[in-house]
$ cat structure21.txt   # compact mmCIF, C-alpha atoms and all ligand atoms
# COMPACT_ATOMS: atom_id res chain seq x y z
CA MET M 5 -19.36 126.24 49.19
CA SER M 6 -20.82 128.08 52.19
CA GLU M 7 -21.30 131.89 52.41
CA SER M 8 -18.06 132.05 54.46
CA GLY M 9 -16.21 130.51 51.51
CA THR M 10 -15.30 127.31 53.32
CA PRO M 11 -16.34 124.00 51.75
CA THR M 12 -19.66 122.64 52.99
CA LEU M 13 -19.92 119.38 54.94
CA GLY M 14 -23.42 118.00 54.31
CA VAL M 15 -24.55 116.19 57.49
CA GLY M 16 -27.38 113.69 57.95
CA MET M 17 -28.28 112.37 61.39
CA VAL M 18 -30.16 109.14 62.15
CA GLY M 19 -32.07 109.26 65.44
CA TYR M 20 -33.27 112.34 67.32
CA SER M 21 -33.76 111.51 71.01
CA PHE M 22 -31.26 112.34 73.78
CA MET M 23 -28.09 111.76 71.73
CA GLY M 24 -29.69 113.25 68.62
CA ALA M 25 -30.46 116.40 70.57
CA ALA M 26 -26.91 116.58 71.99
CA HIS M 27 -25.35 116.05 68.55
CA SER M 28 -27.71 118.59 66.91
CA GLN M 29 -26.64 121.16 69.50
CA ALA M 30 -23.02 120.42 68.64
CA TRP M 31 -23.49 120.75 64.85
CA ARG M 32 -25.32 124.08 65.42
CA THR M 33 -22.85 125.48 67.95
CA ALA M 34 -19.41 124.36 66.71
CA PRO M 35 -19.16 126.78 63.74
CA ARG M 36 -20.37 129.66 65.93
CA PHE M 37 -17.61 129.33 68.53
CA PHE M 38 -14.74 127.69 66.62
CA ASP M 39 -13.10 128.54 63.27
CA LEU M 40 -13.77 125.40 61.24
CA PRO M 41 -12.15 124.47 57.89
CA LEU M 42 -15.49 123.00 56.72
CA SER M 43 -18.96 124.47 57.21
CA PRO M 44 -21.36 121.82 58.58
CA ARG M 45 -24.76 121.98 56.90
CA MET M 46 -27.50 120.26 58.95
CA ARG M 47 -29.36 118.86 55.95
CA VAL M 48 -31.40 115.84 57.15
CA VAL M 49 -32.58 114.11 60.33
CA VAL M 50 -33.96 110.58 59.98
CA GLY M 51 -36.53 108.85 62.19
CA ARG M 52 -38.94 105.95 61.80
CA HIS M 53 -42.17 107.96 62.15
CA ALA M 54 -42.83 110.91 59.81
CA GLU M 55 -44.63 113.34 62.13
CA PRO M 56 -42.29 113.10 65.17
CA VAL M 57 -39.14 113.37 63.03
CA LYS M 58 -40.57 116.36 61.15
CA ALA M 59 -41.16 118.09 64.51
CA ALA M 60 -37.64 117.12 65.58
CA ALA M 61 -36.17 118.67 62.40
CA ALA M 62 -37.87 121.99 63.22
CA ARG M 63 -36.91 121.84 66.90
CA LEU M 64 -33.28 120.73 66.43
CA GLY M 65 -32.45 122.84 63.33
CA TRP M 66 -32.31 120.36 60.42
CA ASP M 67 -33.29 121.41 56.88
CA GLU M 68 -35.30 118.24 56.19
CA ALA M 69 -36.81 115.15 57.80
CA MET M 70 -36.75 111.65 56.27
CA THR M 71 -37.90 108.21 57.41
CA SER M 72 -35.35 106.09 55.53
CA TRP M 73 -31.66 106.00 56.46
CA GLN M 74 -31.10 103.98 53.28
CA ASP M 75 -32.32 106.94 51.22
CA LEU M 76 -30.13 109.27 53.29
CA VAL M 77 -26.89 107.38 52.57
CA ALA M 78 -27.75 107.44 48.84
CA ARG M 79 -27.93 111.24 48.67
CA ASP M 80 -25.15 113.11 46.87
CA ASP M 81 -25.47 116.16 49.15
CA ILE M 82 -24.65 114.11 52.27
CA ASP M 83 -20.94 113.88 53.18
CA LEU M 84 -21.26 112.53 56.73
CA VAL M 85 -23.78 110.32 58.52
CA ASP M 86 -24.16 110.83 62.28
CA VAL M 87 -25.55 107.63 63.88
CA CYS M 88 -27.52 108.43 67.05
CA THR M 89 -29.66 105.30 67.26
CA PRO M 90 -29.71 102.42 69.76
CA GLY M 91 -26.85 99.99 69.28
CA ASP M 92 -28.80 97.37 67.33
CA THR M 93 -28.67 99.52 64.16
CA HIS M 94 -25.15 100.98 64.47
CA ALA M 95 -23.47 98.34 62.28
CA GLU M 96 -25.91 98.27 59.36
CA ILE M 97 -26.16 102.05 59.11
CA ALA M 98 -22.45 102.83 59.61
CA ILE M 99 -21.25 100.12 57.19
CA ALA M 100 -23.74 101.16 54.49
CA ALA M 101 -22.76 104.82 54.90
CA LEU M 102 -19.01 104.05 54.71
CA GLN M 103 -19.53 101.89 51.63
CA ALA M 104 -21.52 104.77 50.07
CA GLY M 105 -18.49 107.02 50.63
CA LYS M 106 -19.90 108.93 53.60
CA HIS M 107 -17.83 109.78 56.69
CA VAL M 108 -19.43 108.40 59.87
CA LEU M 109 -19.77 109.57 63.47
CA CYS M 110 -21.31 106.73 65.48
CA GLU M 111 -22.52 106.91 69.09
CA LYS M 112 -21.05 104.59 71.72
CA PRO M 113 -20.85 101.76 72.38
CA LEU M 114 -19.72 101.04 68.82
CA ALA M 115 -21.96 97.99 68.51
CA ASN M 116 -23.94 95.38 70.45
CA SER M 117 -21.38 92.61 69.88
CA VAL M 118 -17.71 92.06 69.08
CA ALA M 119 -18.68 90.53 65.72
CA GLU M 120 -20.58 93.65 64.70
CA ALA M 121 -17.78 95.89 65.98
CA GLU M 122 -15.22 93.89 63.98
CA ALA M 123 -17.30 94.31 60.82
CA MET M 124 -17.56 98.06 61.46
CA ALA M 125 -13.82 98.39 62.09
CA ALA M 126 -13.08 96.44 58.89
CA ALA M 127 -15.46 98.66 56.88
CA ALA M 128 -13.84 101.77 58.38
CA SER M 129 -10.36 100.50 57.55
CA ALA M 130 -11.36 99.83 53.94
CA ALA M 131 -13.10 103.20 53.64
CA ALA M 132 -10.06 105.04 55.05
CA GLU M 133 -8.09 103.90 52.00
CA ARG M 134 -10.62 105.89 49.96
CA GLY M 135 -10.30 108.95 52.22
CA VAL M 136 -13.57 108.20 54.02
CA HIS M 137 -13.26 108.35 57.82
CA ALA M 138 -15.11 107.26 60.96
CA MET M 139 -15.20 108.22 64.65
CA VAL M 140 -16.99 106.66 67.64
CA GLY M 141 -18.56 109.09 70.11
CA PHE M 142 -16.73 108.70 73.43
CA THR M 143 -17.39 112.36 74.20
CA TYR M 144 -16.07 112.41 77.79
CA ARG M 145 -12.54 112.33 76.30
CA ARG M 146 -13.27 115.91 75.22
CA VAL M 147 -13.95 117.32 78.66
CA PRO M 148 -11.03 119.74 79.23
CA ALA M 149 -10.21 118.28 82.67
CA ILE M 150 -9.95 114.78 81.15
CA GLN M 151 -7.65 116.09 78.40
CA LEU M 152 -5.50 117.74 81.09
CA ALA M 153 -5.39 114.50 83.10
CA ARG M 154 -4.22 112.59 80.02
CA ARG M 155 -1.51 115.17 79.32
CA MET M 156 -0.29 115.10 82.92
CA VAL M 157 -0.06 111.30 82.93
CA ALA M 158 1.71 111.33 79.54
CA ASP M 159 4.16 113.95 80.88
CA GLY M 160 5.03 111.64 83.78
CA ARG M 161 3.52 113.90 86.44
CA ILE M 162 2.20 110.89 88.37
CA GLY M 163 4.90 108.41 87.29
CA GLN M 164 4.22 104.71 86.67
CA VAL M 165 0.48 103.92 86.83
CA ARG M 166 -0.27 101.55 89.72
CA HIS M 167 -4.05 101.92 90.14
CA VAL M 168 -6.88 102.92 87.80
CA ARG M 169 -10.23 103.41 89.52
CA VAL M 170 -13.28 104.34 87.43
CA GLN M 171 -16.84 104.48 88.64
CA TYR M 172 -19.74 105.53 86.43
CA LEU M 173 -22.67 106.01 88.84
CA GLN M 174 -26.26 106.82 87.90
CA ASP M 175 -29.49 106.18 89.78
CA TRP M 176 -32.33 106.47 87.26
CA LEU M 177 -33.42 102.84 87.75
CA THR M 178 -33.29 102.72 91.55
CA ASP M 179 -37.14 102.86 91.64
CA PRO M 180 -38.47 99.39 90.67
CA GLN M 181 -41.49 101.16 89.13
CA ALA M 182 -39.31 103.04 86.62
CA PRO M 183 -40.67 101.80 83.26
CA LEU M 184 -39.02 99.70 80.59
CA SER M 185 -37.16 101.46 77.79
CA TRP M 186 -34.99 100.39 74.85
CA ARG M 187 -31.93 100.63 77.16
CA LEU M 188 -33.34 97.67 79.17
CA ASP M 189 -33.87 95.48 76.09
CA LYS M 190 -30.85 93.34 75.12
CA ALA M 191 -32.07 93.08 71.52
CA LYS M 192 -31.87 96.89 71.19
CA ALA M 193 -29.09 97.91 73.59
CA GLY M 194 -26.85 94.82 73.60
CA SER M 195 -26.25 95.17 77.34
CA GLY M 196 -27.30 97.46 80.17
CA ALA M 197 -25.06 99.56 82.39
CA LEU M 198 -22.04 97.61 81.11
CA GLY M 199 -22.27 98.85 77.52
CA ASP M 200 -24.12 102.11 78.07
CA ILE M 201 -21.88 103.64 80.76
CA GLY M 202 -19.28 100.94 81.37
CA ALA M 203 -18.07 101.59 77.83
CA HIS M 204 -17.28 105.19 78.81
CA ALA M 205 -15.47 103.98 81.94
CA VAL M 206 -13.26 101.57 79.97
CA ASP M 207 -12.53 104.13 77.26
CA LEU M 208 -11.59 106.79 79.83
CA ALA M 209 -9.26 104.39 81.66
CA GLN M 210 -7.45 103.65 78.40
CA PHE M 211 -7.52 107.24 77.12
CA VAL M 212 -6.17 108.90 80.29
CA THR M 213 -3.45 106.31 80.96
CA GLY M 214 -2.53 105.64 77.32
CA GLU M 215 -2.58 101.94 78.26
CA GLN M 216 -4.93 99.05 77.44
CA VAL M 217 -7.02 96.78 79.66
CA VAL M 218 -5.42 93.34 79.08
CA GLY M 219 -7.49 91.17 81.38
CA VAL M 220 -10.74 91.35 83.38
CA CYS M 221 -12.74 89.51 85.99
CA GLY M 222 -16.26 90.72 86.57
CA MET M 223 -19.86 90.28 87.58
CA LEU M 224 -23.11 91.64 86.22
CA GLU M 225 -26.40 91.84 88.11
CA THR M 226 -30.01 92.61 87.21
CA PHE M 227 -31.61 93.71 90.49
CA VAL M 228 -35.12 94.32 89.10
CA LYS M 229 -36.12 91.69 86.54
CA GLU M 230 -39.62 92.89 85.62
CA ARG M 231 -40.75 96.48 85.05
CA PRO M 232 -43.93 98.30 83.97
CA ARG M 233 -44.25 98.79 80.23
CA PRO M 234 -44.18 102.51 79.24
CA ALA M 235 -47.66 104.04 79.04
CA SER M 236 -46.93 105.66 75.67
CA PHE M 237 -44.41 105.28 72.83
CA SER M 238 -41.50 107.72 72.56
CA GLY M 239 -38.06 107.63 70.99
CA LEU M 240 -36.60 107.01 74.43
CA SER M 241 -39.17 104.51 75.68
CA GLY M 242 -39.66 102.26 72.67
CA GLU M 243 -42.83 100.18 72.35
CA ALA M 244 -45.64 101.04 74.78
CA GLY M 245 -48.06 98.52 76.33
CA GLU M 246 -49.96 97.23 79.37
CA GLY M 247 -48.64 95.40 82.43
CA THR M 248 -44.99 94.50 82.92
CA GLY M 249 -42.21 93.12 80.81
CA PRO M 250 -38.78 91.53 81.38
CA VAL M 251 -35.52 93.43 81.85
CA THR M 252 -33.06 91.51 79.68
CA VAL M 253 -29.86 93.44 80.47
CA ASP M 254 -27.64 94.12 83.48
CA ASP M 255 -28.50 96.87 85.96
CA ALA M 256 -24.94 97.02 87.24
CA ALA M 257 -21.46 95.80 86.38
CA VAL M 258 -18.48 95.54 88.75
CA PHE M 259 -15.17 94.31 87.38
CA LEU M 260 -11.42 94.23 87.95
CA GLY M 261 -8.86 94.80 85.23
CA ARG M 262 -5.15 94.54 84.62
CA MET M 263 -3.54 97.38 82.64
CA SER M 264 -0.91 96.82 79.94
CA GLY M 265 1.60 98.76 82.07
CA GLY M 266 1.12 96.30 84.94
CA GLY M 267 -1.23 98.43 87.06
CA LEU M 268 -4.48 97.19 88.60
CA ALA M 269 -7.89 98.59 87.65
CA SER M 270 -11.32 98.53 89.24
CA PHE M 271 -14.53 99.52 87.49
CA GLU M 272 -18.15 100.08 88.51
CA ALA M 273 -21.02 100.94 86.16
CA THR M 274 -24.44 101.12 87.76
CA ARG M 275 -27.87 102.67 87.40
CA PHE M 276 -28.64 101.99 91.10
CA ALA M 277 -26.24 104.34 92.90
CA ALA M 278 -29.02 106.22 94.71
CA GLY M 279 -28.17 109.92 94.77
CA ARG M 280 -25.45 109.75 92.10
CA LYS M 281 -26.85 111.30 88.89
CA ASN M 282 -24.01 111.12 86.38
CA ALA M 283 -20.97 110.66 88.57
CA ILE M 284 -18.03 109.57 86.47
CA ARG M 285 -15.30 109.24 89.10
CA LEU M 286 -11.82 108.57 87.83
CA GLU M 287 -8.68 108.34 89.93
CA ILE M 288 -5.27 107.25 88.65
CA ASN M 289 -2.60 106.54 91.29
CA GLY M 290 1.02 106.51 90.14
CA ASP M 291 4.31 106.09 91.98
CA ARG M 292 4.83 109.87 91.88
CA GLY M 293 1.32 111.16 92.41
CA SER M 294 -2.36 110.96 91.47
CA VAL M 295 -5.03 112.64 89.39
CA ALA M 296 -8.74 112.53 90.29
CA PHE M 297 -11.88 113.68 88.46
CA ASP M 298 -15.65 113.62 89.07
CA PHE M 299 -17.94 114.57 86.18
CA GLU M 300 -20.43 116.02 88.64
CA ASP M 301 -17.69 118.66 89.17
CA MET M 302 -16.55 118.48 85.57
CA ASN M 303 -14.55 121.75 85.50
CA LEU M 304 -12.15 120.57 88.22
CA LEU M 305 -9.18 118.20 88.22
CA HIS M 306 -7.50 117.17 91.47
CA TYR M 307 -3.78 116.50 91.48
CA PHE M 308 -1.47 115.09 94.16
CA ASP M 309 2.30 115.46 93.72
CA ALA M 310 4.11 112.92 95.87
CA ALA M 311 7.30 114.97 95.60
CA GLU M 312 5.83 117.81 97.62
CA ASP M 313 6.94 118.40 101.20
CA ALA M 314 4.86 116.04 103.32
CA ALA M 315 4.09 118.87 105.74
CA THR M 316 2.17 120.78 103.10
CA ALA M 317 1.40 118.07 100.51
CA GLY M 318 -2.14 117.22 99.52
CA PHE M 319 -4.50 117.05 96.56
CA ARG M 320 -4.75 120.42 94.90
CA ARG M 321 -7.81 121.59 92.98
CA ILE M 322 -7.15 122.73 89.43
CA VAL M 323 -9.95 124.81 87.93
CA VAL M 324 -9.69 123.74 84.28
CA THR M 325 -11.03 126.95 82.71
CA GLU M 326 -7.88 128.81 81.66
CA ALA M 327 -7.29 129.80 78.04
CA GLU M 328 -4.29 127.43 78.10
CA HIS M 329 -6.58 124.47 78.71
CA PRO M 330 -7.99 122.51 75.73
CA TYR M 331 -10.95 124.20 73.94
CA ILE M 332 -11.43 126.86 76.70
CA ALA M 333 -10.07 129.85 74.73
CA GLN M 334 -13.08 129.65 72.40
CA TRP M 335 -15.59 129.80 75.25
CA TRP M 336 -15.67 131.89 78.41
CA PRO M 337 -13.25 133.72 80.78
CA PRO M 338 -11.61 131.73 83.59
CA GLY M 339 -13.98 130.27 86.18
CA HIS M 340 -17.17 130.42 84.11
CA GLY M 341 -17.13 126.69 83.37
CA LEU M 342 -18.49 124.32 80.73
CA GLY M 343 -21.27 121.73 80.73
CA TYR M 344 -22.16 118.29 79.41
CA GLU M 345 -23.05 119.57 75.94
CA HIS M 346 -19.65 121.20 75.36
CA SER M 347 -17.92 117.85 74.98
CA PHE M 348 -20.25 117.08 72.06
CA THR M 349 -19.33 120.39 70.44
CA HIS M 350 -15.62 119.63 70.95
CA GLN M 351 -16.20 116.23 69.30
CA VAL M 352 -17.60 117.97 66.17
CA VAL M 353 -14.74 120.50 66.16
CA ASP M 354 -12.04 117.81 66.28
CA LEU M 355 -13.87 115.62 63.74
CA VAL M 356 -14.24 118.48 61.22
CA HIS M 357 -10.56 119.43 61.57
CA ASP M 358 -9.52 115.81 61.03
CA LEU M 359 -11.76 115.41 57.97
CA ALA M 360 -10.49 118.64 56.41
CA ALA M 361 -6.88 117.51 56.97
CA GLY M 362 -7.58 113.97 55.72
CA ARG M 363 -6.53 112.63 59.13
CA PRO M 364 -8.12 109.51 60.67
CA PRO M 365 -10.24 110.79 63.62
CA SER M 366 -9.89 109.42 67.17
CA PRO M 367 -11.48 107.51 68.78
CA SER M 368 -11.53 105.35 65.68
CA PHE M 369 -13.74 102.33 65.13
CA ALA M 370 -10.66 100.22 65.99
CA GLU M 371 -10.59 101.92 69.40
CA GLY M 372 -14.33 101.33 69.70
CA LEU M 373 -13.70 97.64 68.92
CA ALA M 374 -11.06 97.47 71.67
CA VAL M 375 -13.63 98.70 74.20
CA GLN M 376 -16.20 96.23 72.84
CA ARG M 377 -13.72 93.38 73.45
CA VAL M 378 -13.32 94.42 77.09
CA LEU M 379 -17.10 94.55 77.58
CA ASP M 380 -17.47 91.13 75.97
CA ALA M 381 -14.75 89.70 78.23
CA VAL M 382 -16.55 91.04 81.29
CA GLU M 383 -19.77 89.36 80.13
CA ARG M 384 -17.94 86.04 79.54
CA SER M 385 -16.28 86.29 82.94
CA SER M 386 -19.61 86.96 84.64
CA ASP M 387 -21.61 84.37 82.67
CA SER M 388 -19.13 81.56 83.22
CA GLY M 389 -18.21 82.59 86.76
CA SER M 390 -14.78 81.36 85.72
CA GLY M 391 -13.01 84.51 86.86
CA TRP M 392 -10.16 85.93 84.88
CA VAL M 393 -10.49 86.48 81.10
CA ASP M 394 -7.32 87.46 79.21
CA LEU M 395 -7.52 90.02 76.41
CA ALA M 396 -3.83 90.13 75.48
C1 LIG K 1 -27.55 107.01 79.82
O1 LIG K 1 -26.96 106.20 80.69
C2 LIG K 1 -26.61 108.04 79.25
O2 LIG K 1 -27.40 108.85 78.45
C3 LIG K 1 -25.52 107.43 78.38
O3 LIG K 1 -26.09 106.68 77.32
C4 LIG K 1 -24.65 108.54 77.82
O4 LIG K 1 -23.58 108.00 77.05
C5 LIG K 1 -24.08 109.36 78.96
O5 LIG K 1 -23.35 110.46 78.43
C6 LIG K 1 -25.18 109.89 79.85
O6 LIG K 1 -26.01 108.79 80.31
$ encode --input "structure21.txt" --output "structure tokens"
Amino acid sequence: MSESGTPTLGVGMVGYSFMGAAHSQAWRTAPRFFDLPLSPRMRVVVGRHAEPVKAAAARLGWDEAMTSWQDLVARDDIDLVDVCTPGDTHAEIAIAALQAGKHVLCEKPLANSVAEAEAMAAAASAAAERGVHAMVGFTYRRVPAIQLARRMVADGRIGQVRHVRVQYLQDWLTDPQAPLSWRLDKAKAGSGALGDIGAHAVDLAQFVTGEQVVGVCGMLETFVKERPRPASFSGLSGEAGEGTGPVTVDDAAVFLGRMSGGGLASFEATRFAAGRKNAIRLEINGDRGSVAFDFEDMNLLHYFDAAEDAATAGFRRIVVTEAEHPYIAQWWPPGHGLGYEHSFTHQVVDLVHDLAAGRPPSPSFAEGLAVQRVLDAVERSSDSGSGWVDLA
């Protein structure tokens, strides 16, 4: 029991690089801005190398550092395992934690293959019968403007969905001298832009429309096939070394999709969109209007109402910072805006409420598996060059 009298939720996190830092911020911040029914206790952070993970524990606010996730999942004072590692270890850690009776929050994409994702979804389904729950970390769902877009589509404000257009544009690999990292190694990451940021694009398309992608046709490309090895080891870089090494994943993915409601979708996920830093651009066109969002202006949602008088109609700019908007009342007055890290805090808030209520969190591992199936279909379409791959 915590000092505030609410039951404690003992948390252990595996991995402490970029996602580990974002999740640590969320575990620290959520109870300070939101009234939570459980009090998260940041007990343990796990990493492979003792000294760096000990420094990370001090920097990120964890009580202890360990070097064995197996020992973590065996601890009685751990109620939830937060998996912030590259995709090649998601399945073994999450399944072991669920079988040990620990709730799991697992970073996206759920896994590096459909087979692994199926095993994770099966383990989560079995654990749910014992009141043990799992969530996959598609955090962009928890940007207030995205939540508003979903609500507007669900309320029929744009009518029947005809077009879904999602681009996830980054440019951190545009320079051919940018060094190798674990994200460029298929054995660690499973795929490149497709799984890393294309997974977000697919999940957002399905989340905002409430529909599923039921067929795809796509192509993947690796523009730069050899890169310098990183000069020194880090959690982000992976193994260091001399000379160059192969890039074994895609640099960019471009694919078409058909939505379960009959609409057409187009997706782009690239790390070569020079000048675009983290531009998640989503536009849904319906037969009564449109919504449009760009993460680089993440506090805005643009809305077009086709019923408006043509003489004065046009996209209007909604500043999504009113107390009526999701999560905003706990933060700042109108117009002050939120950032990237807030969606991670919202993820913790929703997860803790679900766990306290005994509700299955969303996105579930089954939803993560559905995204994995789309990614796999895009890879099969690209590899075989055979065009359309049905998912129905
Ligand atoms: C790198 O592309 C990355 O860190 C993704 O892995 C994250 O999911 C995204 O939020 C930001 O970009």
$ residues_around --input "structure21.txt" --residues "range 331-342 of chain M" --least-positions-apart "5" --cutoff "8 Å" --atoms "all atoms listed in the file" --output "PyMOL selection string"
chain M and resi 37-38+148+302-303+323+325-326+350
$ residues_around --input "structure21.txt" --residues "range 307-311 of chain M" --least-positions-apart "4" --cutoff "12 Å" --atoms "all atoms listed in the file" --output "tab-separated table (two decimals) with C-alpha atoms, in the coordinates of the input"
chain	number	residue	atom	x	y	z
M	149	ALA	CA	-10.21	118.28	82.67
M	152	LEU	CA	-5.50	117.74	81.09
M	153	ALA	CA	-5.39	114.50	83.10
M	156	MET	CA	-0.29	115.10	82.92
M	157	VAL	CA	-0.06	111.30	82.93
M	160	GLY	CA	5.03	111.64	83.78
M	161	ARG	CA	3.52	113.90	86.44
M	162	ILE	CA	2.20	110.89	88.37
M	163	GLY	CA	4.90	108.41	87.29
M	286	LEU	CA	-11.82	108.57	87.83
M	287	GLU	CA	-8.68	108.34	89.93
M	288	ILE	CA	-5.27	107.25	88.65
M	289	ASN	CA	-2.60	106.54	91.29
M	290	GLY	CA	1.02	106.51	90.14
M	291	ASP	CA	4.31	106.09	91.98
M	292	ARG	CA	4.83	109.87	91.88
M	293	GLY	CA	1.32	111.16	92.41
M	294	SER	CA	-2.36	110.96	91.47
M	295	VAL	CA	-5.03	112.64	89.39
M	296	ALA	CA	-8.74	112.53	90.29
M	297	PHE	CA	-11.88	113.68	88.46
M	315	ALA	CA	4.09	118.87	105.74
M	316	THR	CA	2.17	120.78	103.10
M	317	ALA	CA	1.40	118.07	100.51
M	318	GLY	CA	-2.14	117.22	99.52
M	319	PHE	CA	-4.50	117.05	96.56
M	320	ARG	CA	-4.75	120.42	94.90
M	321	ARG	CA	-7.81	121.59	92.98
M	322	ILE	CA	-7.15	122.73	89.43
M	323	VAL	CA	-9.95	124.81	87.93
M	324	VAL	CA	-9.69	123.74	84.28
$ residues_around --input "structure21.txt" --residues "His53 in chain M" --least-positions-apart "3" --cutoff "9 Å" --atoms "only C-alpha atoms" --output "list in words"
Val50, Pro56, Val57, Lys58, Met70 and Thr71 of chain M
$ residues_near_ligand --input "structure21.txt" --ligand "ligand LIG 1 (chain K)" --cutoff "9 Å" --atoms "all atoms listed in the file" --output "list in words"
Phe22, Met23, Glu111, Lys112, Pro113, Gly141, Phe142, Thr143, Tyr144, Gln174, Trp176, Arg187, Gly196, Ala197, Gly199, Asp200, Ile201, Ala203, His204, Arg275, Lys281, Asn282 and Tyr344 of chain M
$ atom_distance --input "structure21.txt" --atom1 "CA of Thr178 in chain M" --atom2 "CA of Ala256 in chain M"
11.0 Å
$ residues_near_point --input "structure21.txt" --point "(-54.9, 97.3, 78.5)" --cutoff "12 Å" --atoms "only C-alpha atoms" --output "count of residues only"
9
$ atom_distance --input "structure21.txt" --atom1 "CA of Gly266 in chain M" --atom2 "CA of Val382 in chain M"
18.8 Å
$ closest_residue --input "structure21.txt" --among "M:Leu359, M:Val251, M:Cys88, M:Ala381" --to "Asp189 in chain M" --atoms "only C-alpha atoms"
M:Val251
$ residues_around --input "structure21.txt" --residues "Ser270 in chain M" --least-positions-apart "6" --cutoff "7 Å" --atoms "all atoms listed in the file" --output "list in words"
Val168, Arg169, Val170, Phe259, Leu260 and Gly261 of chain M
$ write_last_selection --input "structure21.txt" --atoms "C-alpha atoms" --output "PDB file, in the frame of the given file"
ATOM      1  CA  VAL M 168      -6.880 102.920  87.800  1.00  0.00           C
ATOM      2  CA  ARG M 169     -10.230 103.410  89.520  1.00  0.00           C
ATOM      3  CA  VAL M 170     -13.280 104.340  87.430  1.00  0.00           C
ATOM      4  CA  PHE M 259     -15.170  94.310  87.380  1.00  0.00           C
ATOM      5  CA  LEU M 260     -11.420  94.230  87.950  1.00  0.00           C
ATOM      6  CA  GLY M 261      -8.860  94.800  85.230  1.00  0.00           C
TER       7      GLY M 261
END
$ atom_distance --input "structure21.txt" --atom1 "CA of Glu345 in chain M" --atom2 "CA of Phe369 in chain M"
22.4 Å
$ decode --input "structure21.txt" --residues "range 113-128 of chain M" --atoms "N, CA and C atoms" --output "compact mmCIF listing (two decimals), in the first residue's frame"
# COMPACT_ATOMS: atom_id res chain seq x y z
N PRO M 113 6.74 -2.46 -32.75
CA PRO M 113 5.67 -3.37 -33.11
C PRO M 113 5.67 -4.54 -32.13
N LEU M 114 4.53 -5.25 -32.03
CA LEU M 114 4.40 -6.29 -31.01
C LEU M 114 5.57 -7.28 -31.09
N ALA M 115 5.91 -7.66 -32.32
CA ALA M 115 6.95 -8.70 -32.47
C ALA M 115 7.65 -8.51 -33.81
N ASN M 116 8.60 -9.40 -34.10
CA ASN M 116 9.33 -9.33 -35.37
C ASN M 116 8.73 -10.25 -36.43
N SER M 117 7.68 -11.01 -36.05
CA SER M 117 7.06 -11.91 -37.03
C SER M 117 5.62 -12.18 -36.60
N VAL M 118 4.81 -12.64 -37.54
CA VAL M 118 3.43 -13.01 -37.22
C VAL M 118 3.41 -14.19 -36.26
N ALA M 119 4.32 -15.13 -36.44
CA ALA M 119 4.34 -16.31 -35.56
C ALA M 119 4.59 -15.88 -34.11
N GLU M 120 5.55 -15.00 -33.91
CA GLU M 120 5.82 -14.53 -32.55
C GLU M 120 4.61 -13.75 -32.01
N ALA M 121 4.01 -12.91 -32.86
CA ALA M 121 2.87 -12.12 -32.41
C ALA M 121 1.69 -13.02 -32.05
N GLU M 122 1.51 -14.09 -32.81
CA GLU M 122 0.43 -15.05 -32.49
C GLU M 122 0.67 -15.71 -31.14
N ALA M 123 1.93 -16.07 -30.87
CA ALA M 123 2.25 -16.70 -29.58
C ALA M 123 2.00 -15.72 -28.44
N MET M 124 2.32 -14.45 -28.67
CA MET M 124 2.13 -13.43 -27.62
C MET M 124 0.64 -13.21 -27.38
N ALA M 125 -0.14 -13.15 -28.48
CA ALA M 125 -1.58 -12.93 -28.34
C ALA M 125 -2.23 -14.12 -27.63
N ALA M 126 -1.75 -15.32 -27.93
CA ALA M 126 -2.30 -16.52 -27.26
C ALA M 126 -1.96 -16.49 -25.77
N ALA M 127 -0.73 -16.12 -25.44
CA ALA M 127 -0.32 -16.05 -24.03
C ALA M 127 -1.13 -14.98 -23.30
N ALA M 128 -1.40 -13.87 -23.99
CA ALA M 128 -2.17 -12.78 -23.36
C ALA M 128 -3.61 -13.22 -23.14
